[in-house]
Amino acid sequence: MKRILFVVAATVALVACNESPQKLQTNSRDTPAYAGTGKAFANKDWKQGDKASWESHQKARSQYGMNDYTRMN
């Protein structure tokens with residue numbers, strides 16, 4: 001009887017620790033980042049939909065805005 005209770009308790013404990021499957025959540029749109037969001041809250045130096053403008057803006061941002069060596073010196 002004790003063995004049956006132990007098996008049932010172990011089974012319940014193992015079932016309770018089961019992990020539910022996780023699904024990858026992605027954007028429903030397959031648009032490139034430079035296409036923009038269509039909202040007016042974009043940087044004034046960047047034109048939405050212009051890939052060259054996007055790349056130059058990202059290059060300048062990474063060089064001057066995110067580089068601690070150039071910001072601090």
# chains A, B, ... in the order shown; residues from 1 in each chain; ligands from 1

call {"tool": "select_by_dssp", "arguments": {"residues": "chain A", "states": "alpha helix (DSSP H)", "output": "number ranges by chain"}}
result
A: 2-16, 51-60, 68-72

call {"tool": "atom_distance", "arguments": {"atom1": "atom CA of A:Tyr34", "atom2": "atom CA of A:Gly49"}}
result
5.5 Å

call {"tool": "residues_around", "arguments": {"residues": "A:Asp45", "least_positions_apart": "2", "cutoff": "10 Å", "atoms": "only C-alpha atoms", "output": "list in words"}}
result
Ala42, Asn43, Lys47, Gln48, Ser53, Trp54, Ser56 and His57 of chain A
